[in-house]
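Undergrad: File upload.cif below, mmCIF, C-alpha atoms:
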data_input
loop_
_atom_site.group_PDB
_atom_site.id
_atom_site.type_symbol
_atom_site.label_atom_id
_atom_site.label_comp_id
_atom_site.auth_asym_id
_atom_site.auth_seq_id
_atom_site.Cartn_x
_atom_site.Cartn_y
_atom_site.Cartn_z
ATOM 1 C CA MET A 21 77.102 -117.760 -23.386
ATOM 2 C CA TYR A 22 76.503 -115.535 -20.577
ATOM 3 C CA THR A 23 73.405 -113.322 -20.646
ATOM 4 C CA TYR A 24 72.413 -110.496 -18.373
ATOM 5 C CA GLU A 25 68.778 -110.285 -17.214
ATOM 6 C CA GLU A 26 67.557 -106.975 -15.912
ATOM 7 C CA PRO A 27 66.028 -107.487 -12.528
ATOM 8 C CA SER A 28 62.228 -106.710 -12.091
ATOM 9 C CA ILE A 29 61.130 -103.444 -10.426
ATOM 10 C CA PHE A 30 59.113 -105.430 -7.929
ATOM 11 C CA SER A 31 62.080 -107.513 -6.833
ATOM 12 C CA GLY A 32 64.096 -106.839 -3.799
ATOM 13 C CA THR A 33 63.725 -104.109 -1.253
ATOM 14 C CA ARG A 34 62.947 -101.516 -3.883
ATOM 15 C CA GLY A 35 60.076 -103.563 -5.184
ATOM 16 C CA ALA A 36 58.617 -104.027 -1.735
ATOM 17 C CA ALA A 37 58.676 -100.266 -1.097
ATOM 18 C CA LEU A 38 56.965 -99.554 -4.394
ATOM 19 C CA ILE A 39 54.236 -102.034 -3.621
ATOM 20 C CA ALA A 40 53.705 -100.440 -0.225
ATOM 21 C CA VAL A 41 53.333 -96.998 -1.813
ATOM 22 C CA ILE A 42 50.768 -98.318 -4.294
ATOM 23 C CA ILE A 43 48.786 -100.002 -1.515
ATOM 24 C CA LEU A 44 48.873 -96.743 0.503
ATOM 25 C CA HIS A 45 47.467 -94.721 -2.381
ATOM 26 C CA ILE A 46 44.741 -97.230 -2.937
ATOM 27 C CA GLY A 47 43.876 -97.058 0.782
ATOM 28 C CA ILE A 48 43.718 -93.271 0.741
ATOM 29 C CA VAL A 49 41.424 -93.258 -2.288
ATOM 30 C CA TRP A 50 39.198 -95.873 -0.630
ATOM 31 C CA ALA A 51 39.153 -93.882 2.614
ATOM 32 C CA PHE A 52 38.031 -90.677 0.843
ATOM 33 C CA TYR A 53 35.417 -92.642 -0.985
ATOM 34 C CA THR A 54 33.968 -94.211 2.143
ATOM 35 C CA GLY A 55 34.305 -91.027 4.379
ATOM 36 C CA LEU A 56 36.935 -92.570 6.622
ATOM 37 C CA ALA A 57 39.334 -89.721 5.881
ATOM 38 C CA GLY A 58 36.870 -87.132 7.135
ATOM 39 C CA LYS A 59 36.438 -88.978 10.404
ATOM 40 C CA LEU A 60 40.208 -89.231 10.852
ATOM 41 C CA ILE A 61 40.577 -85.479 10.198
ATOM 42 C CA GLN A 62 37.865 -84.723 12.770
ATOM 43 C CA LYS A 63 39.729 -86.846 15.322
ATOM 44 C CA VAL A 64 43.106 -85.308 14.503
ATOM 45 C CA ILE A 65 41.823 -81.693 14.187
ATOM 46 C CA PRO A 66 38.904 -81.175 16.523
ATOM 47 C CA PRO A 67 36.174 -78.875 15.087
ATOM 48 C CA VAL A 68 36.189 -75.287 16.220
ATOM 49 C CA GLU A 69 33.040 -74.521 18.179
ATOM 50 C CA ILE A 70 31.666 -71.016 17.576
ATOM 51 C CA SER A 71 29.397 -69.957 20.354
ATOM 52 C CA GLN A 72 27.285 -66.757 20.231
ATOM 53 C CA VAL A 73 28.230 -64.288 22.940
ATOM 54 C CA ASP A 74 25.105 -62.622 24.284
ATOM 55 C CA LYS A 75 25.200 -58.826 24.533
ATOM 56 C CA PRO A 76 24.858 -57.356 27.989
ATOM 57 C CA PRO A 77 21.271 -56.423 28.740
ATOM 58 C CA PRO A 78 20.419 -52.697 28.275
ATOM 59 C CA PRO A 79 20.200 -50.570 31.399
ATOM 60 C CA PRO A 80 16.733 -50.219 32.833
ATOM 61 C CA PRO A 81 14.856 -47.085 31.647
ATOM 62 C CA LYS A 82 14.803 -44.113 33.916
ATOM 63 C CA LEU A 83 11.517 -43.736 35.623
ATOM 64 C CA GLU A 84 10.084 -40.196 35.585
ATOM 65 C CA GLU A 85 9.429 -38.758 38.911
ATOM 66 C CA ILE A 86 5.701 -38.757 39.440
ATOM 67 C CA LYS A 87 4.647 -35.661 41.318
ATOM 68 C CA PRO A 88 1.569 -35.962 43.428
ATOM 69 C CA TYR A 89 -1.456 -34.036 42.067
ATOM 70 C CA VAL A 90 -2.275 -31.066 44.198
ATOM 71 C CA PRO A 91 -5.663 -29.550 43.340
ATOM 72 C CA PRO A 92 -5.696 -25.721 43.035
ATOM 73 C CA PRO A 93 -7.338 -23.856 45.875
ATOM 74 C CA GLU A 94 -10.908 -22.896 45.263
ATOM 75 C CA PHE A 95 -11.513 -19.158 44.833
ATOM 76 C CA VAL A 96 -14.395 -17.888 46.820
ATOM 77 C CA ASP A 97 -15.479 -14.330 46.026
ATOM 78 C CA ILE A 98 -16.699 -12.843 49.238
ATOM 79 C CA GLN A 99 -18.239 -9.431 48.719
ATOM 80 C CA ALA A 100 -18.976 -7.079 51.479
ATOM 81 C CA PRO A 101 -22.691 -6.597 51.997
ATOM 82 C CA VAL A 102 -24.025 -3.387 50.506
ATOM 83 C CA GLN A 103 -25.542 -1.265 53.150
ATOM 84 C CA GLU A 104 -28.831 0.146 52.073
ATOM 85 C CA THR A 105 -29.301 3.782 52.812
ATOM 86 C CA THR A 106 -32.127 6.192 52.299
ATOM 87 C CA ALA A 107 -29.816 9.144 51.729
ATOM 88 C CA ILE A 108 -30.203 10.948 48.418
ATOM 89 C CA THR A 109 -26.995 11.268 46.485
ATOM 90 C CA GLN A 110 -26.689 14.549 44.678
ATOM 91 C CA VAL A 111 -24.560 14.627 41.565
ATOM 92 C CA THR A 112 -23.292 18.020 40.596
ATOM 93 C CA GLN A 113 -22.370 18.401 36.964
ATOM 94 C CA VAL A 114 -19.590 20.864 36.445
ATOM 95 C CA GLN A 115 -19.713 22.488 33.080
ATOM 96 C CA LYS A 116 -16.434 23.327 31.481
ATOM 97 C CA PRO A 117 -16.113 26.949 30.497
ATOM 98 C CA THR A 118 -16.602 27.328 26.804
ATOM 99 C CA ALA A 119 -14.121 29.327 24.861
ATOM 100 C CA ALA A 120 -15.398 32.655 23.673
ATOM 101 C CA PRO A 121 -16.025 32.630 19.915
ATOM 102 C CA VAL A 122 -13.458 34.482 17.929
ATOM 103 C CA ALA A 123 -15.111 37.310 16.138
ATOM 104 C CA ALA A 124 -14.566 37.244 12.415
ATOM 105 C CA PRO A 125 -12.988 40.344 10.986
ATOM 106 C CA PRO A 126 -15.554 42.696 9.481
ATOM 107 C CA PRO A 127 -15.897 42.283 5.745
ATOM 108 C CA ILE A 128 -14.304 44.883 3.595
ATOM 109 C CA PRO A 129 -17.129 46.859 2.011
ATOM 110 C CA GLY A 130 -17.272 46.714 -1.759
ATOM 111 C CA THR A 131 -17.409 49.761 -3.987
ATOM 112 C CA PRO A 132 -19.333 50.234 -7.242
ATOM 113 C CA PRO A 133 -17.755 51.491 -10.455
ATOM 114 C CA ARG A 134 -17.197 55.248 -10.313
ATOM 115 C CA MET A 135 -15.687 58.082 -12.283
ATOM 116 C CA ASP A 136 -11.941 58.084 -12.572
ATOM 117 C CA PRO A 137 -10.536 61.576 -11.944
ATOM 118 C CA LYS A 138 -7.616 60.738 -14.208
ATOM 119 C CA HIS A 139 -9.910 59.582 -17.015
ATOM 120 C CA PRO A 140 -13.209 61.532 -16.805
ATOM 121 C CA LEU A 141 -16.019 60.729 -19.221
ATOM 122 C CA LYS A 142 -15.718 63.097 -22.174
ATOM 123 C CA ILE A 143 -19.258 63.580 -23.499
ATOM 124 C CA GLY A 144 -19.313 67.097 -24.879
ATOM 125 C CA GLU A 145 -20.750 69.129 -27.715
ATOM 126 C CA GLU A 146 -18.933 67.068 -30.301
ATOM 127 C CA TRP A 147 -21.162 64.020 -29.508
ATOM 128 C CA TYR A 148 -24.413 65.938 -30.124
ATOM 129 C CA PRO A 149 -25.799 64.768 -33.481
ATOM 130 C CA ASP A 150 -26.122 67.605 -36.078
ATOM 131 C CA ALA A 151 -29.475 66.312 -37.237
ATOM 132 C CA SER A 152 -30.772 66.434 -33.680
ATOM 133 C CA LYS A 153 -29.509 70.033 -33.366
ATOM 134 C CA ARG A 154 -31.284 71.092 -36.526
ATOM 135 C CA ALA A 155 -34.442 69.282 -35.445
ATOM 136 C CA GLY A 156 -34.230 70.734 -31.950
ATOM 137 C CA GLU A 157 -34.176 67.316 -30.259
ATOM 138 C CA GLU A 158 -33.434 67.397 -26.540
ATOM 139 C CA GLY A 159 -33.767 64.714 -23.870
ATOM 140 C CA ARG A 160 -32.276 62.604 -21.107
ATOM 141 C CA CYS A 161 -31.264 58.942 -21.405
ATOM 142 C CA VAL A 162 -29.887 56.442 -18.852
ATOM 143 C CA VAL A 163 -27.091 54.173 -20.073
ATOM 144 C CA GLN A 164 -26.238 50.881 -18.318
ATOM 145 C CA MET A 165 -22.523 50.075 -18.686
ATOM 146 C CA THR A 166 -20.446 47.005 -17.831
ATOM 147 C CA VAL A 167 -17.071 47.996 -16.382
ATOM 148 C CA SER A 168 -14.456 45.229 -16.452
ATOM 149 C CA ALA A 169 -11.920 44.604 -13.688
ATOM 150 C CA ASP A 170 -9.329 46.677 -15.551
ATOM 151 C CA GLY A 171 -11.702 49.692 -15.612
ATOM 152 C CA LYS A 172 -12.665 49.624 -19.296
ATOM 153 C CA VAL A 173 -16.309 49.926 -20.428
ATOM 154 C CA SER A 174 -16.818 46.590 -22.193
ATOM 155 C CA ALA A 175 -20.572 46.729 -22.883
ATOM 156 C CA GLU A 176 -23.337 49.343 -22.883
ATOM 157 C CA SER A 177 -27.105 49.431 -23.367
ATOM 158 C CA ILE A 178 -30.012 51.938 -23.096
ATOM 159 C CA GLN A 179 -31.796 51.477 -19.757
ATOM 160 C CA GLN A 180 -34.083 54.522 -20.244
ATOM 161 C CA SER A 181 -34.619 56.180 -23.638
ATOM 162 C CA SER A 182 -34.478 59.907 -24.318
ATOM 163 C CA GLY A 183 -37.354 59.644 -26.755
ATOM 164 C CA PHE A 184 -35.165 60.209 -29.789
ATOM 165 C CA PRO A 185 -33.293 57.317 -31.412
ATOM 166 C CA ARG A 186 -30.476 59.613 -32.630
ATOM 167 C CA LEU A 187 -29.825 60.830 -29.064
ATOM 168 C CA ASP A 188 -29.954 57.255 -27.675
ATOM 169 C CA ASP A 189 -27.462 56.114 -30.290
ATOM 170 C CA ALA A 190 -25.232 59.105 -29.443
ATOM 171 C CA CYS A 191 -25.267 58.026 -25.756
ATOM 172 C CA LEU A 192 -23.999 54.549 -26.609
ATOM 173 C CA LYS A 193 -21.278 55.874 -28.888
ATOM 174 C CA ALA A 194 -20.162 58.393 -26.252
ATOM 175 C CA VAL A 195 -19.543 55.861 -23.451
ATOM 176 C CA HIS A 196 -18.139 53.027 -25.601
ATOM 177 C CA GLY A 197 -14.462 52.384 -24.799
ATOM 178 C CA GLN A 198 -14.310 54.948 -21.984
ATOM 179 C CA ARG A 199 -12.457 54.180 -18.739
ATOM 180 C CA MET A 200 -13.725 54.240 -15.138
ATOM 181 C CA MET A 201 -12.557 53.039 -11.735
ATOM 182 C CA PRO A 202 -13.630 49.356 -11.434
ATOM 183 C CA ALA A 203 -15.812 48.026 -8.640
ATOM 184 C CA THR A 204 -14.128 46.223 -5.733
ATOM 185 C CA GLU A 205 -15.060 43.295 -3.486
ATOM 186 C CA ALA A 206 -12.876 42.317 -0.525
ATOM 187 C CA GLY A 207 -10.358 44.854 -1.750
ATOM 188 C CA LYS A 208 -10.023 43.272 -5.212
ATOM 189 C CA PRO A 209 -11.264 44.783 -8.504
ATOM 190 C CA VAL A 210 -14.207 42.943 -10.064
ATOM 191 C CA GLU A 211 -16.439 43.387 -13.094
ATOM 192 C CA LYS A 212 -19.778 45.080 -12.441
ATOM 193 C CA THR A 213 -22.461 47.171 -14.132
ATOM 194 C CA VAL A 214 -23.359 50.762 -13.417
ATOM 195 C CA SER A 215 -25.993 53.143 -14.787
ATOM 196 C CA ILE A 216 -25.337 56.845 -15.580
ATOM 197 C CA PRO A 217 -27.703 59.535 -16.919
ATOM 198 C CA ILE A 218 -26.799 61.658 -19.927
ATOM 199 C CA ALA A 219 -28.764 64.844 -20.710
ATOM 200 C CA TRP A 220 -28.894 66.423 -24.159
ATOM 201 C CA LYS A 221 -29.789 70.127 -24.241
ATOM 202 C CA LEU A 222 -29.314 72.755 -26.875
ATOM 203 C CA THR A 223 -27.579 75.895 -25.683
ATOM 204 C CA ASN A 224 -28.262 78.211 -28.651
ATOM 205 C CA LYS A 225 -31.998 78.357 -29.328
#
As structure tokens, how would this structure be written, given the file I've shared?
TA:
Amino acid sequence: MYTYEEPSIFSGTRGAALIAVIILHIGIVWAFYTGLAGKLIQKVIPPVEISQVDKPPPPPPKLEEIKPYVPPPEFVDIQAPVQETTAITQVTQVQKPTAAPVAAPPPIPGTPPRMDPKHPLKIGEEWYPDASKRAGEEGRCVVQMTVSADGKVSAESIQQSSGFPRLDDACLKAVHGQRMMPATEAGKPVEKTVSIPIAWKLTNK
């Protein structure tokens, strides 16, 4: 009986090639392990040398121009000698003319209170007290009156008595509320006092 035997993978030319491939792999693994592969790579691919390129040197600094020191000239004050003289110098003082003083205007003279022609004092027979008539009282009194700026008699008092109280009281009543021309100062009416005499005399004795 005929039997067919399958040939081995390591037989023939095919087997020899397979063995060679296995041996090559083993060699490569051994070469990496022992560093032989690195040396071969360095021989096949030479290492790239990186060299540092030096920068060009900087330009030299500019030197400032040094100016020579020139000392300032010395100042010498030379004064002319003062000539002594025995002459007497006379200084004349000129006085400026003074302005003449301006004369002030003369003050306006003031006026005292006086009788007003339009409103004369009315002290007649009607002011004579009846009791004084019957008693025959006569006399002269001086009344001091205050005349306001509007010309009205604002206050009155007996400066000199007549000797009879009824006649003195009649004097005050007669001038109270009467009108006169007011006193003036600098042309303006002002309040002032004035004294007037009043005589009481009986006509039918």
Undergrad: Using the chain letters and numbers from the file, which residues does the PyMOL selection byres ((chain A and resi 173) around 8) grab, as a PyMOL selection string?
TA: chain A and resi 165-168+171-172+174-176+195-200
Undergrad: Interatomic distance between CA of Pro126 in chain A and CA of Thr213 in chain A?
TA: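 Straight-line distance from CA of Pro126 in chain A to CA of Thr213 in chain A works out to 25.0 Å.
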Undergrad: Excluding Arg186 in chain A and residues on its chain fewer than 5 positions from it, collect all residues at most 9 Å away from it, counting only C-alpha atoms, and give them as a list of chain:residue names.
TA: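 Everything that qualifies: A:Pro149, A:Ala151, A:Ser152, A:Glu157, A:Cys191.
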Undergrad: Smallest atom-to-atom distance to Lys212 in chain A: which of A:Leu192, A:Ala169, A:Leu187, A:Val122, using only C-alpha atoms?
TA: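 Closest to Lys212 in chain A of all the choices is A:Ala169.
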Undergrad: The PyMOL selection byres ((chain A and resi 129-140) around 8) - which residues does that actually catch in the file I just gave you? List them as a list in words.
TA: Pro127, Ile128, Leu141, Lys142, Val167, Arg199, Met200, Met201, Pro202, Ala203, Thr204, Glu205, Ala206, Gly207, Lys212, Thr213 and Val214 of chain A
Undergrad: What is the CA of Pro217 in chain A to CA of Ala155 in chain A distance in Å?
TA: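 CA of Ala155 in chain A lies at a distance of 22.0 Å from CA of Pro217 in chain A.
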Undergrad: Name the residues within 12 Å of (-35.1, 59.3, -27.5), counting only C-alpha atoms in the file's coordinates, and put them as a list of chain:residue names.
TA: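 With a cut-off of 12 Å, the residues come to A:Ser152, A:Glu157, A:Glu158, A:Gly159, A:Arg160, A:Cys161, A:Val162, A:Ile178, A:Gln179, A:Gln180, A:Ser181, A:Ser182, A:Gly183, A:Phe184, A:Pro185, A:Arg186, A:Leu187, A:Asp188, A:Asp189, A:Ala190, A:Cys191, A:Ile218, A:Ala219, A:Trp220.
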